[in-house]
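Student: My structure is stored as target.pdb, with PDB, C-alpha atoms and all ligand atoms.
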ATOM      1  CA  MET A   1      40.482 -93.894  63.277
ATOM      2  CA  ALA A   2      37.768 -96.133  61.890
ATOM      3  CA  PHE A   3      36.329 -99.056  63.819
ATOM      4  CA  GLU A   4      37.728-102.419  62.792
ATOM      5  CA  LEU A   5      36.037-105.792  62.808
ATOM      6  CA  PRO A   6      37.600-107.452  65.878
ATOM      7  CA  LYS A   7      39.475-110.653  65.177
ATOM      8  CA  LEU A   8      37.550-113.804  66.024
ATOM      9  CA  GLN A   9      39.575-115.693  68.628
ATOM     10  CA  TYR A  10      38.555-119.177  67.438
ATOM     11  CA  ALA A  11      37.726-121.061  64.252
ATOM     12  CA  TYR A  12      34.283-120.934  62.692
ATOM     13  CA  ASP A  13      33.679-124.592  63.572
ATOM     14  CA  ALA A  14      34.938-124.297  67.158
ATOM     15  CA  LEU A  15      31.487-123.931  68.694
ATOM     16  CA  GLU A  16      29.978-126.947  66.963
ATOM     17  CA  PRO A  17      27.665-128.721  67.482
ATOM     18  CA  HIS A  18      26.040-125.887  69.431
ATOM     19  CA  ILE A  19      26.616-123.198  66.805
ATOM     20  CA  ASP A  20      27.508-124.416  63.318
ATOM     21  CA  ALA A  21      30.471-123.220  61.269
ATOM     22  CA  ARG A  22      28.436-121.890  58.345
ATOM     23  CA  THR A  23      26.338-119.720  60.620
ATOM     24  CA  MET A  24      29.445-118.425  62.381
ATOM     25  CA  GLU A  25      31.178-117.574  59.118
ATOM     26  CA  ILE A  26      28.209-115.712  57.622
ATOM     27  CA  HIS A  27      27.379-114.027  60.913
ATOM     28  CA  TYR A  28      30.921-112.740  61.383
ATOM     29  CA  THR A  29      32.053-111.977  57.828
ATOM     30  CA  LYS A  30      28.750-110.639  56.503
ATOM     31  CA  HIS A  31      26.595-109.343  59.351
ATOM     32  CA  HIS A  32      29.193-108.082  61.827
ATOM     33  CA  ASN A  33      31.405-106.829  59.038
ATOM     34  CA  GLY A  34      28.436-105.001  57.539
ATOM     35  CA  TYR A  35      27.566-103.265  60.816
ATOM     36  CA  THR A  36      31.201-102.230  61.199
ATOM     37  CA  ASN A  37      31.441-100.711  57.723
ATOM     38  CA  ASN A  38      28.054 -99.022  57.991
ATOM     39  CA  LEU A  39      28.962 -97.570  61.390
ATOM     40  CA  ASN A  40      32.142 -96.097  59.958
ATOM     41  CA  ASN A  41      30.186 -94.586  57.078
ATOM     42  CA  ALA A  42      27.557 -93.186  59.456
ATOM     43  CA  ILE A  43      30.049 -91.379  61.700
ATOM     44  CA  ALA A  44      32.537 -90.287  59.039
ATOM     45  CA  GLU A  45      33.169 -86.543  59.232
ATOM     46  CA  THR A  46      30.793 -86.124  62.174
ATOM     47  CA  ASP A  47      31.734 -85.249  65.754
ATOM     48  CA  LEU A  48      31.285 -88.947  66.658
ATOM     49  CA  GLU A  49      34.320 -89.930  64.631
ATOM     50  CA  GLY A  50      37.193 -91.053  66.850
ATOM     51  CA  LYS A  51      35.087 -91.543  69.990
ATOM     52  CA  PRO A  52      35.012 -94.895  71.842
ATOM     53  CA  ILE A  53      31.990 -96.991  70.908
ATOM     54  CA  GLU A  54      30.741 -97.009  74.521
ATOM     55  CA  ASP A  55      30.692 -93.189  74.561
ATOM     56  CA  ILE A  56      28.821 -93.117  71.272
ATOM     57  CA  LEU A  57      26.162 -95.520  72.561
ATOM     58  CA  ILE A  58      25.749 -93.982  76.047
ATOM     59  CA  ASN A  59      25.224 -90.539  74.517
ATOM     60  CA  LEU A  60      23.320 -91.757  71.487
ATOM     61  CA  ASP A  61      20.643 -89.726  69.747
ATOM     62  CA  MET A  62      18.053 -92.516  69.453
ATOM     63  CA  ASN A  63      16.646 -90.811  66.358
ATOM     64  CA  ASN A  64      19.947 -91.378  64.557
ATOM     65  CA  SER A  65      18.954 -94.768  63.197
ATOM     66  CA  ALA A  66      22.164 -95.360  61.226
ATOM     67  CA  VAL A  67      24.362 -95.027  64.316
ATOM     68  CA  ARG A  68      21.790 -96.708  66.566
ATOM     69  CA  ASN A  69      21.504 -99.813  64.365
ATOM     70  CA  ASN A  70      25.097-100.119  63.219
ATOM     71  CA  GLY A  71      26.808 -98.877  66.382
ATOM     72  CA  GLY A  72      24.663-101.315  68.337
ATOM     73  CA  GLY A  73      25.399-104.072  65.854
ATOM     74  CA  PHE A  74      29.138-103.408  66.042
ATOM     75  CA  TYR A  75      29.237-103.352  69.849
ATOM     76  CA  ASN A  76      26.795-106.226  70.450
ATOM     77  CA  HIS A  77      28.567-108.689  68.182
ATOM     78  CA  SER A  78      31.997-107.649  69.481
ATOM     79  CA  LEU A  79      30.777-108.628  72.959
ATOM     80  CA  PHE A  80      28.955-111.751  71.755
ATOM     81  CA  TRP A  81      32.031-113.445  70.221
ATOM     82  CA  THR A  82      34.053-112.955  73.396
ATOM     83  CA  VAL A  83      31.480-114.424  75.789
ATOM     84  CA  MET A  84      31.646-117.724  73.945
ATOM     85  CA  ASN A  85      34.713-119.935  74.032
ATOM     86  CA  PRO A  86      34.978-123.566  73.001
ATOM     87  CA  GLU A  87      38.188-124.382  74.871
ATOM     88  CA  ASP A  88      38.332-122.381  78.055
ATOM     89  CA  LYS A  89      34.771-121.984  79.174
ATOM     90  CA  GLY A  90      35.613-121.687  82.828
ATOM     91  CA  TYR A  91      32.710-121.976  85.207
ATOM     92  CA  LEU A  92      30.446-119.586  87.005
ATOM     93  CA  SER A  93      32.116-118.784  90.317
ATOM     94  CA  GLY A  94      33.266-116.085  92.672
ATOM     95  CA  GLU A  95      31.651-112.670  92.990
ATOM     96  CA  LEU A  96      29.559-113.045  89.864
ATOM     97  CA  ARG A  97      28.070-116.330  91.061
ATOM     98  CA  ASP A  98      27.295-114.679  94.410
ATOM     99  CA  ALA A  99      25.598-111.745  92.669
ATOM    100  CA  ILE A 100      23.528-114.068  90.468
ATOM    101  CA  GLU A 101      22.461-116.209  93.434
ATOM    102  CA  GLU A 102      21.560-113.106  95.412
ATOM    103  CA  MET A 103      19.381-111.733  92.614
ATOM    104  CA  PHE A 104      17.804-114.918  91.259
ATOM    105  CA  GLY A 105      18.061-117.358  94.175
ATOM    106  CA  SER A 106      19.997-119.941  92.154
ATOM    107  CA  VAL A 107      22.024-120.336  88.976
ATOM    108  CA  ASP A 108      19.283-122.505  87.476
ATOM    109  CA  THR A 109      16.694-119.800  88.076
ATOM    110  CA  PHE A 110      19.005-117.249  86.445
ATOM    111  CA  LYS A 111      19.279-119.514  83.398
ATOM    112  CA  ASP A 112      15.489-119.823  83.244
ATOM    113  CA  VAL A 113      15.039-116.043  83.449
ATOM    114  CA  PHE A 114      17.711-115.405  80.818
ATOM    115  CA  ALA A 115      16.308-118.090  78.507
ATOM    116  CA  LYS A 116      12.810-116.653  78.875
ATOM    117  CA  ALA A 117      14.051-113.136  78.060
ATOM    118  CA  ALA A 118      15.700-114.527  74.924
ATOM    119  CA  ALA A 119      12.760-116.712  73.901
ATOM    120  CA  THR A 120      10.097-114.051  74.374
ATOM    121  CA  ARG A 121      11.888-111.216  72.576
ATOM    122  CA  PHE A 122       9.480-110.817  69.653
ATOM    123  CA  GLY A 123      11.173-110.569  66.289
ATOM    124  CA  SER A 124      14.863-109.668  66.344
ATOM    125  CA  GLY A 125      16.922-108.621  69.329
ATOM    126  CA  TRP A 126      19.148-109.604  72.204
ATOM    127  CA  ALA A 127      18.973-110.981  75.739
ATOM    128  CA  TRP A 128      21.360-109.515  78.296
ATOM    129  CA  LEU A 129      22.839-110.001  81.711
ATOM    130  CA  CYS A 130      23.782-106.560  82.984
ATOM    131  CA  VAL A 131      25.568-105.247  86.049
ATOM    132  CA  HIS A 132      24.771-102.015  87.840
ATOM    133  CA  LYS A 133      27.238 -99.919  89.808
ATOM    134  CA  GLY A 134      27.594-101.665  93.148
ATOM    135  CA  GLY A 135      27.420-105.108  91.605
ATOM    136  CA  ARG A 136      23.701-105.873  91.326
ATOM    137  CA  VAL A 137      22.912-107.955  88.228
ATOM    138  CA  GLU A 138      19.784-107.904  86.091
ATOM    139  CA  VAL A 139      18.421-109.696  83.015
ATOM    140  CA  CYS A 140      16.644-107.846  80.211
ATOM    141  CA  SER A 141      16.201-107.870  76.469
ATOM    142  CA  THR A 142      16.308-105.261  73.725
ATOM    143  CA  PRO A 143      14.868-105.080  70.193
ATOM    144  CA  ASN A 144      16.907-105.004  66.995
ATOM    145  CA  GLN A 145      20.507-103.871  67.708
ATOM    146  CA  ASP A 146      19.657-101.779  70.754
ATOM    147  CA  ASN A 147      21.511-102.516  73.975
ATOM    148  CA  PRO A 148      21.421-101.479  77.633
ATOM    149  CA  LEU A 149      24.100 -98.811  77.220
ATOM    150  CA  MET A 150      21.770 -96.724  75.074
ATOM    151  CA  PRO A 151      19.475 -94.096  76.611
ATOM    152  CA  LYS A 152      16.489 -95.855  78.215
ATOM    153  CA  GLY A 153      18.004 -99.159  77.040
ATOM    154  CA  ALA A 154      16.170-101.833  79.054
ATOM    155  CA  CYS A 155      17.991-102.570  82.327
ATOM    156  CA  GLY A 156      20.343 -99.696  81.812
ATOM    157  CA  GLY A 157      23.418-101.303  83.320
ATOM    158  CA  THR A 158      26.573-102.491  81.630
ATOM    159  CA  PRO A 159      26.023-105.641  79.553
ATOM    160  CA  ILE A 160      28.368-108.482  80.518
ATOM    161  CA  LEU A 161      26.666-111.382  78.705
ATOM    162  CA  GLY A 162      24.592-111.125  75.542
ATOM    163  CA  LEU A 163      22.757-113.553  73.291
ATOM    164  CA  ASP A 164      21.851-112.677  69.720
ATOM    165  CA  VAL A 165      18.348-113.973  68.940
ATOM    166  CA  TRP A 166      18.075-112.617  65.407
ATOM    167  CA  GLU A 167      17.149-115.471  63.075
ATOM    168  CA  HIS A 168      20.480-115.007  61.266
ATOM    169  CA  ALA A 169      22.152-116.248  64.451
ATOM    170  CA  TYR A 170      20.503-119.674  64.412
ATOM    171  CA  TYR A 171      18.191-120.300  61.465
ATOM    172  CA  LEU A 172      20.510-122.473  59.329
ATOM    173  CA  ASN A 173      20.912-125.014  62.108
ATOM    174  CA  TYR A 174      17.823-124.587  64.253
ATOM    175  CA  GLN A 175      15.250-123.105  61.832
ATOM    176  CA  ASN A 176      12.371-121.870  64.003
ATOM    177  CA  ARG A 177      13.572-123.669  67.152
ATOM    178  CA  ARG A 178      14.908-120.638  69.001
ATOM    179  CA  PRO A 179      14.590-122.354  72.417
ATOM    180  CA  ASP A 180      16.967-125.130  71.294
ATOM    181  CA  TYR A 181      19.527-122.519  70.229
ATOM    182  CA  ILE A 182      19.150-120.745  73.578
ATOM    183  CA  ASN A 183      19.722-123.979  75.476
ATOM    184  CA  ALA A 184      22.778-124.726  73.328
ATOM    185  CA  PHE A 185      24.242-121.298  74.092
ATOM    186  CA  PHE A 186      24.612-122.216  77.763
ATOM    187  CA  ASN A 187      27.105-124.908  76.685
ATOM    188  CA  VAL A 188      29.526-122.418  75.141
ATOM    189  CA  ILE A 189      29.452-119.456  77.534
ATOM    190  CA  ASN A 190      32.926-118.252  78.473
ATOM    191  CA  TRP A 191      32.340-117.526  82.156
ATOM    192  CA  ASN A 192      35.903-116.295  82.613
ATOM    193  CA  GLU A 193      35.171-113.466  80.196
ATOM    194  CA  VAL A 194      31.775-112.710  81.768
ATOM    195  CA  GLU A 195      33.420-112.548  85.203
ATOM    196  CA  ARG A 196      36.144-110.270  83.846
ATOM    197  CA  ARG A 197      33.494-107.944  82.458
ATOM    198  CA  TYR A 198      31.574-108.072  85.739
ATOM    199  CA  ALA A 199      34.628-107.091  87.769
ATOM    200  CA  ALA A 200      35.455-104.252  85.392
ATOM    201  CA  ALA A 201      31.939-102.782  85.352
ATOM    202  CA  LYS A 202      30.489-103.306  88.837
TER     203      LYS A 202
HETATM  204 MN   MN3 B 301      23.721-111.016  64.739
END
Show me this structure written as structure tokens.
Ligand code: MN3
Tutor:
Amino acid sequence: MAFELPKLQYAYDALEPHIDARTMEIHYTKHHNGYTNNLNNAIAETDLEGKPIEDILINLDMNNSAVRNNGGGFYNHSLFWTVMNPEDKGYLSGELRDAIEEMFGSVDTFKDVFAKAAATRFGSGWAWLCVHKGGRVEVCSTPNQDNPLMPKGACGGTPILGLDVWEHAYYLNYQNRRPDYINAFFNVINWNEVERRYAAAK
């Protein structure tokens, strides 16, 4: 069973003006599709074939750069599309809001910490909100296509919100203005999905 590019649940232009349609189309059909195909090639006829992606990443040999880069790219983008939603964004509430306020003091402070993690990631990478067993949340960032599931992967919890800060994620619309892209992201977060992931992982 090969991994399949997960279906995008909205149109390419659905996140405009925050994320433009051309960026979405290229990002999904070229980048994510490429990671998916390269992951399948990297694990074909190895003992990783047929395993869930989470198992592959948690037990990853970090020296296996093909699986590290493409398995990370497959997983990270699969999460990324689902934590954005143009129509049913929901709002931050319930247990997740409580956990964020307990850790950061306020939702605004959480947003500042997350935005800083995304803005200060040098080069390409991701910013994450993770949850640890027991429900404690943490913000971190990772380089390239690494993520917190991987051995020694930053906060080390389960990622429940992720932001792609590779230039391919924003350059067409924002050029070098990564902070503007980060601010725009907060307008399209699907909190219902983040809360669902929180409840499942805590
Ligand atoms: Mn990307």
Student: Which one of A:Arg196, A:Arg97, A:Arg68, A:Arg178 sits closest to A:Ile53 if you count all atoms listed in the file?
Tutor: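 Residue with the minimum atom-to-atom distance to A:Ile53: A:Arg68.
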Student: Please write as a PDB file with C-alpha atoms, in the frame of the given file the full residue list that the PyMOL selection byres (((chain A and resi 194) around 10) and not hetatm) yields on this file.
Tutor:
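Listing of selection-v1.pdb after writing:
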ATOM      1  CA  LEU A  79      30.777-108.628  72.959  1.00  0.00           C
ATOM      2  CA  THR A  82      34.053-112.955  73.396  1.00  0.00           C
ATOM      3  CA  VAL A  83      31.480-114.424  75.789  1.00  0.00           C
ATOM      4  CA  MET A  84      31.646-117.724  73.945  1.00  0.00           C
ATOM      5  CA  GLY A  90      35.613-121.687  82.828  1.00  0.00           C
ATOM      6  CA  TYR A  91      32.710-121.976  85.207  1.00  0.00           C
ATOM      7  CA  LEU A  92      30.446-119.586  87.005  1.00  0.00           C
ATOM      8  CA  LEU A  96      29.559-113.045  89.864  1.00  0.00           C
ATOM      9  CA  LEU A 129      22.839-110.001  81.711  1.00  0.00           C
ATOM     10  CA  PRO A 159      26.023-105.641  79.553  1.00  0.00           C
ATOM     11  CA  ILE A 160      28.368-108.482  80.518  1.00  0.00           C
ATOM     12  CA  LEU A 161      26.666-111.382  78.705  1.00  0.00           C
ATOM     13  CA  GLY A 162      24.592-111.125  75.542  1.00  0.00           C
ATOM     14  CA  ILE A 189      29.452-119.456  77.534  1.00  0.00           C
ATOM     15  CA  ASN A 190      32.926-118.252  78.473  1.00  0.00           C
ATOM     16  CA  TRP A 191      32.340-117.526  82.156  1.00  0.00           C
ATOM     17  CA  ASN A 192      35.903-116.295  82.613  1.00  0.00           C
ATOM     18  CA  GLU A 193      35.171-113.466  80.196  1.00  0.00           C
ATOM     19  CA  GLU A 195      33.420-112.548  85.203  1.00  0.00           C
ATOM     20  CA  ARG A 196      36.144-110.270  83.846  1.00  0.00           C
ATOM     21  CA  ARG A 197      33.494-107.944  82.458  1.00  0.00           C
ATOM     22  CA  TYR A 198      31.574-108.072  85.739  1.00  0.00           C
ATOM     23  CA  ALA A 199      34.628-107.091  87.769  1.00  0.00           C
ATOM     24  CA  ALA A 200      35.455-104.252  85.392  1.00  0.00           C
TER      25      ALA A 200
END
Student: At a cut-off of 6 Å and counting all atoms listed in the file, what residues surround ligand MN3 301 (chain B)? Please answer as JSON, numbers by chain.
Tutor: {"A": [164, 166, 169]}
Student: For this structure, which residues satisfy the selection - the PyMOL selection byres (((chain A and resi 52) around 12) and not hetatm) - when it is evaluated on the file as given? I want them as number ranges by chain.
Tutor: A: 1-3, 43, 47-51, 53-59, 71, 74-75
Student: Considering all atoms listed in the file, state which residue in the set A:Ala127, A:Leu163, A:Leu15, A:Val139 is at the smallest distance from A:Phe110.
Tutor: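 The closest residue to A:Phe110 is A:Val139.
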Student: Selected by the PyMOL selection byres (((chain A and resi 145-147) around 8) and not hetatm) in the shown coordinates: which residues, as JSON, numbers by chain?
Tutor: {"A": [68, 69, 70, 72, 73, 76, 125, 126, 141, 142, 143, 144, 148, 149, 150, 153, 154, 159]}
Student: Record the distance separating atom CA of A:Glu45 and atom CA of A:His27, expressed in Å with one decimal.
Tutor: 28.1 Å
Student: Take atom CA of A:Lys116 and atom CA of A:Trp128 and report the distance between them in Å, one decimal.
Tutor: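 Here the two named atoms are 11.2 Å from each other.
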Student: Go ahead and compute the interatomic distance for atom CA of A:Lys89 and atom CA of A:Phe185, in Å to one decimal.
Tutor: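 For atom CA of A:Lys89 relative to atom CA of A:Phe185, the distance reads 11.7 Å.
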Student: Name the residues in contact with A:Lys111 at a cut-off of 10 Å, using all atoms listed in the file, excluding same-chain residues fewer than 5 positions from it; report them as a PyMOL selection string.
Tutor: chain A and resi 100+104+106+116-117+139+182-183+186
Student: Using only C-alpha atoms, which residue out of A:Val165, A:Gly134, A:Ser65, A:Phe80 lies closest to A:Phe122?
Tutor: A:Val165
Student: Would you mind listing what lies within 10 Å of A:Glu167 as a list in words, with all atoms listed in the file counted and same-chain residues fewer than 3 positions away left out?
Tutor: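 The residues satisfying every condition are Gly123, Ser124, Gly125, Asp164, Tyr170, Tyr171, Leu172, Tyr174, Gln175, Asn176, Arg177 and Arg178 of chain A.
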Student: Compare A:Pro86, A:Gly105, A:Gly156, A:Gly94 by their minimum atom-to-atom distance to A:His18, counting all atoms listed in the file, and give me the closest one.
Tutor: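 Closest candidate: A:Pro86.
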Student: Using all atoms of stretch 19-26 of chain A listed in the file and a margin of 4 Å per side, can you give the axis-aligned box centre and edge lengths in Å to one decimal, as JSON?
Tutor:
{"center_x": 28.8, "center_y": -120.1, "center_z": 62.2, "size_x": 12.8, "size_y": 16.7, "size_z": 17.2}
Student: From the list A:Asn173, A:Val107, A:Ala99, A:Val67, which residue is nearest A:Glu138 when using all atoms listed in the file?
Tutor: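 Closest to A:Glu138 of all the choices is A:Ala99.
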Student: Out of A:His168, A:Ala201, A:Ala184, A:Asp13, which residue has the shortest atom-to-atom distance to A:Cys130 when counting all atoms listed in the file?
Tutor: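 Once distances to A:Cys130 are computed over all atoms listed in the file, the minimum belongs to A:Ala201.
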